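Peer 1: Okay, so here is entry_14.cif, and as you'll see once you scroll down, it has mmCIF, C-alpha atoms.
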data_final
loop_
_atom_site.group_PDB
_atom_site.id
_atom_site.type_symbol
_atom_site.label_atom_id
_atom_site.label_comp_id
_atom_site.auth_asym_id
_atom_site.auth_seq_id
_atom_site.Cartn_x
_atom_site.Cartn_y
_atom_site.Cartn_z
ATOM 1 C CA MET A 266 -18.253 27.408 -23.739
ATOM 2 C CA LEU A 267 -18.830 24.009 -22.137
ATOM 3 C CA THR A 268 -21.881 23.598 -19.940
ATOM 4 C CA TYR A 269 -21.439 22.149 -16.457
ATOM 5 C CA SER A 270 -23.029 18.879 -17.615
ATOM 6 C CA GLU A 271 -20.618 18.606 -20.531
ATOM 7 C CA LEU A 272 -17.671 19.377 -18.268
ATOM 8 C CA ASP A 273 -18.849 16.727 -15.774
ATOM 9 C CA ALA A 274 -19.177 14.130 -18.531
ATOM 10 C CA THR A 275 -15.787 14.988 -20.029
ATOM 11 C CA THR A 276 -14.113 14.843 -16.615
ATOM 12 C CA ARG A 277 -15.506 11.394 -15.821
ATOM 13 C CA LYS A 278 -14.881 9.923 -19.264
ATOM 14 C CA ARG A 279 -11.497 11.422 -20.086
ATOM 15 C CA PHE A 280 -9.781 12.781 -16.986
ATOM 16 C CA ILE A 281 -10.643 10.338 -14.179
ATOM 17 C CA PRO A 282 -9.144 7.293 -15.986
ATOM 18 C CA ALA A 283 -6.017 9.369 -16.648
ATOM 19 C CA LEU A 284 -5.975 10.470 -13.017
ATOM 20 C CA ARG A 285 -6.000 6.829 -11.896
ATOM 21 C CA ASP A 286 -3.080 6.104 -14.210
ATOM 22 C CA ASN A 287 -1.164 9.082 -12.780
ATOM 23 C CA ILE A 288 -1.764 7.907 -9.216
ATOM 24 C CA PHE A 289 -1.002 4.248 -9.948
ATOM 25 C CA GLY A 290 2.217 5.132 -11.747
ATOM 26 C CA SER A 291 3.589 7.548 -9.177
ATOM 27 C CA ASN A 292 4.803 5.100 -6.554
ATOM 28 C CA VAL A 293 5.809 1.451 -6.798
ATOM 29 C CA LEU A 294 3.918 0.172 -3.746
ATOM 30 C CA LEU A 295 0.842 2.274 -4.496
ATOM 31 C CA TYR A 296 0.894 0.979 -8.069
ATOM 32 C CA ARG A 297 1.236 -2.689 -7.191
ATOM 33 C CA LEU A 298 -1.489 -2.663 -4.541
ATOM 34 C CA LEU A 299 -3.998 -0.357 -6.205
ATOM 35 C CA LYS A 300 -3.917 -2.133 -9.561
ATOM 36 C CA ASP A 301 -4.983 -5.329 -7.781
ATOM 37 C CA ALA A 302 -7.296 -3.585 -5.304
ATOM 38 C CA ASP A 303 -10.287 -5.591 -4.136
ATOM 39 C CA MET A 304 -13.504 -3.836 -5.077
ATOM 40 C CA GLY A 305 -15.680 -6.520 -3.455
ATOM 41 C CA ASN A 306 -16.269 -4.447 -0.353
ATOM 42 C CA ALA A 307 -17.802 -1.725 -2.495
ATOM 43 C CA LYS A 308 -20.941 -3.847 -2.835
ATOM 44 C CA ASP A 309 -21.421 -4.751 0.779
ATOM 45 C CA GLY A 310 -19.987 -1.713 2.524
ATOM 46 C CA GLY A 311 -19.990 -2.162 6.267
ATOM 47 C CA THR A 312 -18.739 0.140 8.979
ATOM 48 C CA LYS A 313 -15.317 -1.538 8.955
ATOM 49 C CA VAL A 314 -13.213 -3.822 6.757
ATOM 50 C CA ILE A 315 -13.124 -7.374 8.126
ATOM 51 C CA GLU A 316 -10.096 -9.588 7.421
ATOM 52 C CA PRO A 317 -10.452 -13.242 8.532
ATOM 53 C CA ILE A 318 -7.343 -14.475 10.361
ATOM 54 C CA GLU A 319 -6.388 -18.118 10.913
ATOM 55 C CA TYR A 320 -4.704 -18.386 14.284
ATOM 56 C CA ALA A 321 -4.882 -22.057 15.307
ATOM 57 C CA LYS A 322 -4.781 -25.523 13.803
ATOM 58 C CA ASN A 323 -8.056 -27.431 13.520
ATOM 59 C CA SER A 324 -7.705 -30.290 16.016
ATOM 60 C CA ASN A 325 -10.590 -32.212 14.420
ATOM 61 C CA VAL A 326 -8.313 -33.975 11.945
ATOM 62 C CA GLY A 327 -6.287 -37.178 11.992
ATOM 63 C CA SER A 328 -6.145 -40.799 11.017
ATOM 64 C CA TYR A 329 -8.821 -43.313 12.020
ATOM 65 C CA THR A 330 -9.811 -46.942 11.670
ATOM 66 C CA LYS A 331 -12.995 -48.971 11.618
ATOM 67 C CA GLY A 332 -15.310 -48.223 14.513
ATOM 68 C CA ASP A 333 -13.539 -45.017 15.604
ATOM 69 C CA THR A 334 -15.578 -41.982 16.638
ATOM 70 C CA LEU A 335 -14.538 -38.970 14.641
ATOM 71 C CA SER A 336 -14.011 -35.766 16.588
ATOM 72 C CA THR A 337 -16.540 -33.087 15.695
ATOM 73 C CA GLY A 338 -16.241 -30.713 18.642
ATOM 74 C CA TYR A 339 -16.196 -26.981 18.013
ATOM 75 C CA VAL A 340 -12.712 -25.569 17.589
ATOM 76 C CA SER A 341 -12.157 -21.823 17.516
ATOM 77 C CA ASN A 342 -9.427 -21.277 14.933
ATOM 78 C CA ILE A 343 -10.603 -18.219 13.028
ATOM 79 C CA THR A 344 -10.724 -14.645 14.238
ATOM 80 C CA ALA A 345 -10.894 -11.358 12.337
ATOM 81 C CA ALA A 346 -8.944 -8.144 12.144
ATOM 82 C CA GLU A 347 -10.928 -4.950 11.691
ATOM 83 C CA PHE A 348 -9.729 -1.903 9.780
ATOM 84 C CA GLU A 349 -11.344 1.520 9.526
ATOM 85 C CA TRP A 350 -12.291 3.009 6.168
ATOM 86 C CA LYS A 351 -10.067 5.946 5.245
ATOM 87 C CA ARG A 352 -11.067 8.794 2.943
ATOM 88 C CA TYR A 353 -8.919 10.950 0.679
ATOM 89 C CA TYR A 354 -9.772 13.943 -1.443
ATOM 90 C CA GLY A 355 -8.227 16.394 -3.850
ATOM 91 C CA SER A 356 -9.963 19.652 -4.704
ATOM 92 C CA VAL A 357 -9.725 20.992 -8.239
ATOM 93 C CA THR A 358 -10.458 24.716 -8.194
ATOM 94 C CA ILE A 359 -10.685 27.014 -11.196
ATOM 95 C CA ASP A 360 -10.753 30.716 -10.472
ATOM 96 C CA GLY A 361 -13.470 32.712 -12.224
ATOM 97 C CA VAL A 362 -10.969 34.850 -14.101
ATOM 98 C CA GLU A 363 -9.024 31.765 -15.218
ATOM 99 C CA GLU A 364 -12.271 30.291 -16.463
ATOM 100 C CA LEU A 365 -12.879 33.402 -18.579
ATOM 101 C CA GLN A 366 -9.277 33.515 -19.783
ATOM 102 C CA ASN A 367 -9.603 29.941 -21.035
ATOM 103 C CA ARG A 368 -12.969 30.475 -22.682
ATOM 104 C CA GLY A 369 -13.687 27.968 -25.413
ATOM 105 C CA ALA A 370 -14.297 24.236 -25.157
ATOM 106 C CA ALA A 371 -10.801 23.123 -26.194
ATOM 107 C CA ARG A 372 -8.986 25.563 -23.918
ATOM 108 C CA VAL A 373 -11.235 24.708 -20.960
ATOM 109 C CA ILE A 374 -10.577 20.987 -21.429
ATOM 110 C CA ASP A 375 -6.807 21.551 -21.613
ATOM 111 C CA PHE A 376 -6.896 23.744 -18.518
ATOM 112 C CA VAL A 377 -8.965 21.255 -16.533
ATOM 113 C CA ALA A 378 -6.654 18.426 -17.650
ATOM 114 C CA ALA A 379 -3.624 20.295 -16.295
ATOM 115 C CA GLU A 380 -5.371 21.012 -12.985
ATOM 116 C CA ILE A 381 -6.463 17.402 -12.513
ATOM 117 C CA LYS A 382 -2.988 16.107 -13.380
ATOM 118 C CA ASN A 383 -1.490 18.330 -10.697
ATOM 119 C CA THR A 384 -4.150 17.240 -8.192
ATOM 120 C CA SER A 385 -3.558 13.553 -8.940
ATOM 121 C CA LYS A 386 0.171 13.928 -8.266
ATOM 122 C CA SER A 387 -0.508 15.690 -4.984
ATOM 123 C CA LEU A 388 -3.094 13.099 -3.939
ATOM 124 C CA ALA A 389 -0.772 10.222 -4.825
ATOM 125 C CA ASP A 390 2.040 11.808 -2.817
ATOM 126 C CA ASP A 391 -0.217 12.122 0.220
ATOM 127 C CA MET A 392 -1.467 8.526 0.018
ATOM 128 C CA ALA A 393 2.016 7.133 -0.643
ATOM 129 C CA THR A 394 3.408 9.003 2.367
ATOM 130 C CA ASP A 395 0.702 7.514 4.595
ATOM 131 C CA MET A 396 1.404 4.023 3.238
ATOM 132 C CA PHE A 397 4.779 4.138 4.982
ATOM 133 C CA SER A 398 3.386 5.473 8.258
ATOM 134 C CA ASP A 399 2.408 3.661 11.424
ATOM 135 C CA GLY A 400 -0.974 5.414 11.494
ATOM 136 C CA THR A 401 -0.359 7.286 14.752
ATOM 137 C CA SER A 402 0.504 10.770 13.492
ATOM 138 C CA ASP A 403 -2.716 11.142 11.510
ATOM 139 C CA ALA A 404 -5.680 9.093 12.674
ATOM 140 C CA LYS A 405 -7.604 10.020 9.540
ATOM 141 C CA GLY A 406 -5.005 8.571 7.163
ATOM 142 C CA LEU A 407 -4.082 5.041 6.148
ATOM 143 C CA VAL A 408 -2.547 2.745 8.746
ATOM 144 C CA GLY A 409 0.646 2.057 6.828
ATOM 145 C CA ILE A 410 3.219 -0.691 6.581
ATOM 146 C CA LYS A 411 5.232 0.482 9.574
ATOM 147 C CA ALA A 412 2.284 -0.709 11.628
ATOM 148 C CA THR A 413 1.898 -3.879 9.572
ATOM 149 C CA CYS A 414 5.562 -4.861 9.977
ATOM 150 C CA ASP A 415 5.815 -3.928 13.651
ATOM 151 C CA ASP A 416 6.361 -6.680 16.218
ATOM 152 C CA GLY A 417 3.830 -5.207 18.619
ATOM 153 C CA SER A 418 6.340 -3.226 20.658
ATOM 154 C CA ASN A 419 5.269 0.054 19.042
ATOM 155 C CA ILE A 420 1.872 -0.609 17.462
ATOM 156 C CA ASP A 421 -0.506 -2.736 19.497
ATOM 157 C CA PRO A 422 -3.313 -3.476 18.919
ATOM 158 C CA TYR A 423 -3.229 -3.646 15.132
ATOM 159 C CA GLY A 424 -6.420 -4.304 13.231
ATOM 160 C CA GLY A 425 -8.172 -4.479 16.593
ATOM 161 C CA ILE A 426 -6.111 -7.510 17.704
ATOM 162 C CA SER A 427 -3.582 -7.309 20.511
ATOM 163 C CA ILE A 428 -0.394 -9.358 20.784
ATOM 164 C CA SER A 429 -1.490 -10.368 24.278
ATOM 165 C CA ASP A 430 -4.569 -12.071 22.790
ATOM 166 C CA PHE A 431 -2.857 -13.593 19.749
ATOM 167 C CA SER A 432 0.923 -13.869 19.935
ATOM 168 C CA GLY A 433 1.126 -14.885 16.264
ATOM 169 C CA TRP A 434 -0.220 -11.491 15.251
ATOM 170 C CA ALA A 435 3.222 -9.880 15.122
ATOM 171 C CA GLY A 436 5.627 -8.839 12.426
ATOM 172 C CA THR A 437 9.403 -8.824 12.787
ATOM 173 C CA LEU A 438 11.308 -5.676 13.726
ATOM 174 C CA THR A 439 15.083 -5.484 13.957
ATOM 175 C CA HIS A 440 17.311 -2.526 14.823
ATOM 176 C CA GLU A 441 20.979 -2.378 13.918
ATOM 177 C CA ALA A 442 23.014 0.143 15.891
ATOM 178 C CA ASP A 443 25.400 0.942 13.059
ATOM 179 C CA THR A 444 25.376 2.721 9.727
ATOM 180 C CA ALA A 445 24.752 -0.124 7.294
ATOM 181 C CA PHE A 446 23.198 -3.564 6.950
ATOM 182 C CA GLU A 447 25.349 -6.577 6.270
ATOM 183 C CA LEU A 448 24.309 -9.488 4.097
ATOM 184 C CA ALA A 449 23.644 -11.485 7.263
ATOM 185 C CA ASP A 450 20.997 -8.917 8.275
ATOM 186 C CA TRP A 451 19.168 -9.359 4.979
ATOM 187 C CA ARG A 452 19.362 -13.130 5.291
ATOM 188 C CA ALA A 453 18.088 -13.165 8.868
ATOM 189 C CA MET A 454 15.074 -10.967 8.067
ATOM 190 C CA TYR A 455 14.213 -13.017 4.979
ATOM 191 C CA TRP A 456 14.016 -16.229 6.996
ATOM 192 C CA ASP A 457 12.223 -14.535 9.907
ATOM 193 C CA VAL A 458 9.296 -13.655 7.627
ATOM 194 C CA THR A 459 9.299 -16.860 5.567
ATOM 195 C CA VAL A 460 6.943 -19.660 6.562
ATOM 196 C CA GLY A 461 6.995 -22.759 4.369
ATOM 197 C CA ASN A 462 6.378 -21.647 0.797
ATOM 198 C CA GLU A 463 5.236 -18.212 1.943
ATOM 199 C CA LYS A 464 8.065 -15.764 1.384
ATOM 200 C CA PRO A 465 8.340 -12.007 0.738
ATOM 201 C CA THR A 466 7.141 -10.925 -2.697
ATOM 202 C CA ILE A 467 8.835 -7.517 -2.606
ATOM 203 C CA ILE A 468 11.396 -5.642 -0.506
ATOM 204 C CA VAL A 469 10.888 -1.880 -0.408
ATOM 205 C CA THR A 470 13.510 0.600 0.755
ATOM 206 C CA THR A 471 15.279 3.866 -0.111
ATOM 207 C CA ALA A 472 17.764 4.694 -2.850
ATOM 208 C CA ASP A 473 20.531 4.947 -0.241
ATOM 209 C CA GLU A 474 19.817 1.445 1.067
ATOM 210 C CA MET A 475 19.786 0.068 -2.470
ATOM 211 C CA ASP A 476 23.203 1.643 -3.021
ATOM 212 C CA ALA A 477 24.434 0.111 0.237
ATOM 213 C CA TYR A 478 23.134 -3.294 -0.852
ATOM 214 C CA GLU A 479 24.921 -2.921 -4.175
ATOM 215 C CA ASN A 480 28.159 -2.019 -2.393
ATOM 216 C CA ILE A 481 28.096 -5.383 -0.598
ATOM 217 C CA PHE A 482 28.704 -7.091 -3.940
ATOM 218 C CA MET A 483 30.879 -4.548 -5.701
ATOM 219 C CA SER A 484 34.121 -6.264 -4.727
ATOM 220 C CA SER A 485 32.813 -9.795 -5.181
ATOM 221 C CA PRO A 486 34.512 -11.802 -7.939
ATOM 222 C CA SER A 487 31.614 -14.226 -7.998
ATOM 223 C CA TYR A 488 29.471 -14.031 -11.115
ATOM 224 C CA ILE A 489 26.528 -15.601 -9.272
ATOM 225 C CA LEU A 490 26.674 -13.046 -6.477
ATOM 226 C CA SER A 491 27.068 -10.178 -8.912
ATOM 227 C CA GLN A 492 23.760 -11.136 -10.544
ATOM 228 C CA ALA A 493 21.987 -9.907 -7.407
ATOM 229 C CA VAL A 494 22.858 -6.325 -8.340
ATOM 230 C CA GLN A 495 22.137 -6.562 -12.052
ATOM 231 C CA LEU A 496 19.272 -4.114 -12.506
ATOM 232 C CA LYS A 497 16.054 -5.585 -13.862
ATOM 233 C CA THR A 498 12.681 -3.950 -14.532
ATOM 234 C CA LEU A 499 9.367 -4.624 -12.809
ATOM 235 C CA ASP A 500 5.936 -4.211 -14.336
ATOM 236 C CA GLY A 501 5.340 -0.472 -14.245
ATOM 237 C CA GLY A 502 8.907 0.425 -15.181
ATOM 238 C CA TRP A 503 10.605 0.349 -11.777
ATOM 239 C CA GLN A 504 14.141 -1.003 -11.656
ATOM 240 C CA TYR A 505 15.155 -3.471 -8.985
ATOM 241 C CA PHE A 506 17.911 -5.598 -7.539
ATOM 242 C CA SER A 507 17.075 -9.003 -6.109
ATOM 243 C CA PHE A 508 17.665 -10.945 -2.919
ATOM 244 C CA LYS A 509 16.954 -14.681 -3.013
ATOM 245 C CA GLY A 510 14.812 -13.947 -6.061
ATOM 246 C CA VAL A 511 12.772 -11.225 -4.332
ATOM 247 C CA PRO A 512 12.770 -7.758 -5.976
ATOM 248 C CA ILE A 513 14.370 -4.933 -3.968
ATOM 249 C CA VAL A 514 12.782 -1.666 -5.064
ATOM 250 C CA GLU A 515 13.408 1.960 -4.164
ATOM 251 C CA ASP A 516 10.422 4.010 -3.043
ATOM 252 C CA SER A 517 10.901 7.729 -2.509
ATOM 253 C CA HIS A 518 8.346 7.734 0.316
ATOM 254 C CA CYS A 519 10.130 5.105 2.390
ATOM 255 C CA THR A 520 11.661 6.391 5.643
ATOM 256 C CA ALA A 521 15.444 6.796 5.623
ATOM 257 C CA ASN A 522 17.408 3.783 6.948
ATOM 258 C CA TYR A 523 14.391 1.415 6.680
ATOM 259 C CA VAL A 524 13.956 -1.796 4.679
ATOM 260 C CA HIS A 525 10.514 -3.430 4.504
ATOM 261 C CA PHE A 526 9.974 -7.111 3.680
ATOM 262 C CA LEU A 527 6.409 -7.512 2.394
ATOM 263 C CA ASN A 528 4.167 -10.328 1.237
ATOM 264 C CA GLU A 529 1.655 -8.768 -1.152
ATOM 265 C CA ASP A 530 -0.559 -11.862 -1.063
ATOM 266 C CA TYR A 531 -1.586 -10.771 2.422
ATOM 267 C CA LEU A 532 -1.491 -6.981 2.018
ATOM 268 C CA HIS A 533 -4.578 -5.508 0.408
ATOM 269 C CA PHE A 534 -6.282 -2.327 -0.606
ATOM 270 C CA ARG A 535 -9.987 -2.806 0.098
ATOM 271 C CA VAL A 536 -11.789 -0.116 -1.878
ATOM 272 C CA LEU A 537 -15.225 1.200 -1.015
ATOM 273 C CA ARG A 538 -15.173 4.104 -3.484
ATOM 274 C CA ASN A 539 -12.645 4.183 -6.294
ATOM 275 C CA PHE A 540 -11.206 7.470 -7.544
ATOM 276 C CA THR A 541 -14.145 9.521 -8.764
ATOM 277 C CA ASN A 542 -15.147 13.148 -8.875
ATOM 278 C CA THR A 543 -18.057 15.230 -7.671
ATOM 279 C CA LYS A 544 -19.960 17.457 -10.071
ATOM 280 C CA TRP A 545 -18.492 20.826 -10.931
ATOM 281 C CA VAL A 546 -20.210 23.491 -8.854
ATOM 282 C CA ARG A 547 -19.909 27.223 -8.338
ATOM 283 C CA PRO A 548 -20.221 28.205 -4.647
ATOM 284 C CA TYR A 549 -22.728 31.004 -4.096
ATOM 285 C CA ASP A 550 -20.150 33.084 -2.212
ATOM 286 C CA LYS A 551 -17.041 32.573 -4.407
ATOM 287 C CA ASP A 552 -16.017 33.267 -7.980
ATOM 288 C CA GLU A 553 -14.713 29.731 -8.471
ATOM 289 C CA LEU A 554 -15.568 26.458 -10.127
ATOM 290 C CA ILE A 555 -14.861 23.429 -7.909
ATOM 291 C CA SER A 556 -14.840 19.628 -8.150
ATOM 292 C CA GLN A 557 -13.446 17.113 -5.648
ATOM 293 C CA ILE A 558 -11.605 13.887 -6.431
ATOM 294 C CA LEU A 559 -12.619 11.296 -3.795
ATOM 295 C CA TRP A 560 -11.376 7.854 -2.717
ATOM 296 C CA THR A 561 -12.433 5.633 0.193
ATOM 297 C CA GLY A 562 -10.675 2.441 1.205
ATOM 298 C CA ALA A 563 -8.348 0.759 3.665
ATOM 299 C CA LEU A 564 -4.919 -0.871 3.666
ATOM 300 C CA THR A 565 -5.330 -4.220 5.400
ATOM 301 C CA CYS A 566 -3.268 -7.255 6.344
ATOM 302 C CA SER A 567 -4.468 -10.828 6.805
ATOM 303 C CA ASN A 568 -1.216 -12.416 8.081
ATOM 304 C CA ARG A 569 1.063 -10.067 9.983
ATOM 305 C CA ARG A 570 3.503 -12.894 10.686
ATOM 306 C CA LEU A 571 4.807 -12.632 7.095
ATOM 307 C CA PHE A 572 5.920 -8.988 7.345
ATOM 308 C CA GLY A 573 9.047 -7.440 8.752
ATOM 309 C CA MET A 574 11.269 -4.392 8.676
ATOM 310 C CA MET A 575 14.788 -3.543 9.715
ATOM 311 C CA TYR A 576 16.319 -0.161 10.344
ATOM 312 C CA HIS A 577 19.671 1.211 11.437
ATOM 313 C CA ASP A 578 20.965 4.397 13.042
#
How does the structure come out when it is put into structure tokens?

Peer 2:
Amino acid sequence: MLTYSELDATTRKRFIPALRDNIFGSNVLLYRLLKDADMGNAKDGGTKVIEPIEYAKNSNVGSYTKGDTLSTGYVSNITAAEFEWKRYYGSVTIDGVEELQNRGAARVIDFVAAEIKNTSKSLADDMATDMFSDGTSDAKGLVGIKATCDDGSNIDPYGGISISDFSGWAGTLTHEADTAFELADWRAMYWDVTVGNEKPTIIVTTADEMDAYENIFMSSPSYILSQAVQLKTLDGGWQYFSFKGVPIVEDSHCTANYVHFLNEDYLHFRVLRNFTNTKWVRPYDKDELISQILWTGALTCSNRRLFGMMYHD
């Protein structure tokens, strides 16, 4: 029979890395953001996550000639958005009888592996659901991309900054009062959230909206247009269409009738505590063996202007 110390060591060495893989691979947006998550905040901590925001041009620039006085006055052109740390957990519980039924090191390890795999799927589902929220239904969960993409009419302030204080701190939100998007809708949103060379890096939607996008081109005789709906594969195994070279990917957690245009260069997971587990313990008043999987972090944005979403009835 494994000792608690041996079970702790085995869990951390063997099961937690596998748990991270299960969570990363469960959801396209979760995968893409978590695999590039910034662990820098883990060193410094802090009560909140601070994202510097450029909101004005520096006026102390320009051409000059001999004898000119160069402007050096203070210009306020940087502010900061603030995001709360969010915590997630998954409890792995082994009943006392199940522990006895799986007596023996190999059987215990197999049983624990199955329990942790199930917990990782459940935890990933919960986090992925919150990633598509606006953060209002559950104050304890992530403030998701519905808040990030909002134009301030529904979510304001965001990151502690109000539209009334900084008008550039707004995404783009469009509503179509019909049952499908036309190609013009996709084009308009793309340009609304493109600034110079900054353009969306991924478009996330539902399977139904991907089918509707495909239907736009089904009757087209143009080979070039038909290439937009030739399925390709992203890193991680997800298939996608493309729009102006930007991947369109289905995510099962996306809200029906919504399409999100995202720039992942400005959307970040800031991680304070990566997926880890507490020691296995036996409560004094229960015939159980328990360990918790824990994660602490925040989903942040450093340029809301580059995000948008459209939805229809």

Peer 1: Evaluate the PyMOL selection byres ((chain A and resi 563-565) around 6) on the structure here and hand back the selected residues as a PyMOL selection string.

Peer 2: chain A and resi 350-351+532-535+562+566

Peer 1: Can you work out which one of A:Ala345, A:Val511, A:Ala378, A:Ala445 has the shortest atom-to-atom distance to Pro282 of chain A, counting all atoms listed in the file?

Peer 2: A:Ala378

Peer 1: Restricting the calculation to only C-alpha atoms: of A:Thr541, A:Thr276, A:Thr330, A:Thr561, which residue gets closest to Lys313 of chain A?

Peer 2: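 Smallest separation from Lys313 of chain A among the options: A:Thr561.
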
Peer 1: Work out how far atom CA of Trp503 of chain A is from atom CA of Asp443 of chain A, in Å to one decimal.

Peer 2: 28.9 Å

Peer 1: Expand the PyMOL selection byres ((chain A and resi 463) around 12) into the explicit residue set it covers here, and present it as a list in words.

Peer 2: Tyr455, Trp456, Asp457, Val458, Thr459, Val460, Gly461, Asn462, Lys464, Pro465, Thr466, Leu527, Asn528, Glu529, Asp530, Tyr531, Asn568, Arg570, Leu571 and Phe572 of chain A

Peer 1: Please compute the atom CA of Gly355 of chain A-atom CA of Ile558 of chain A distance, one decimal, in Å.

Peer 2: 4.9 Å
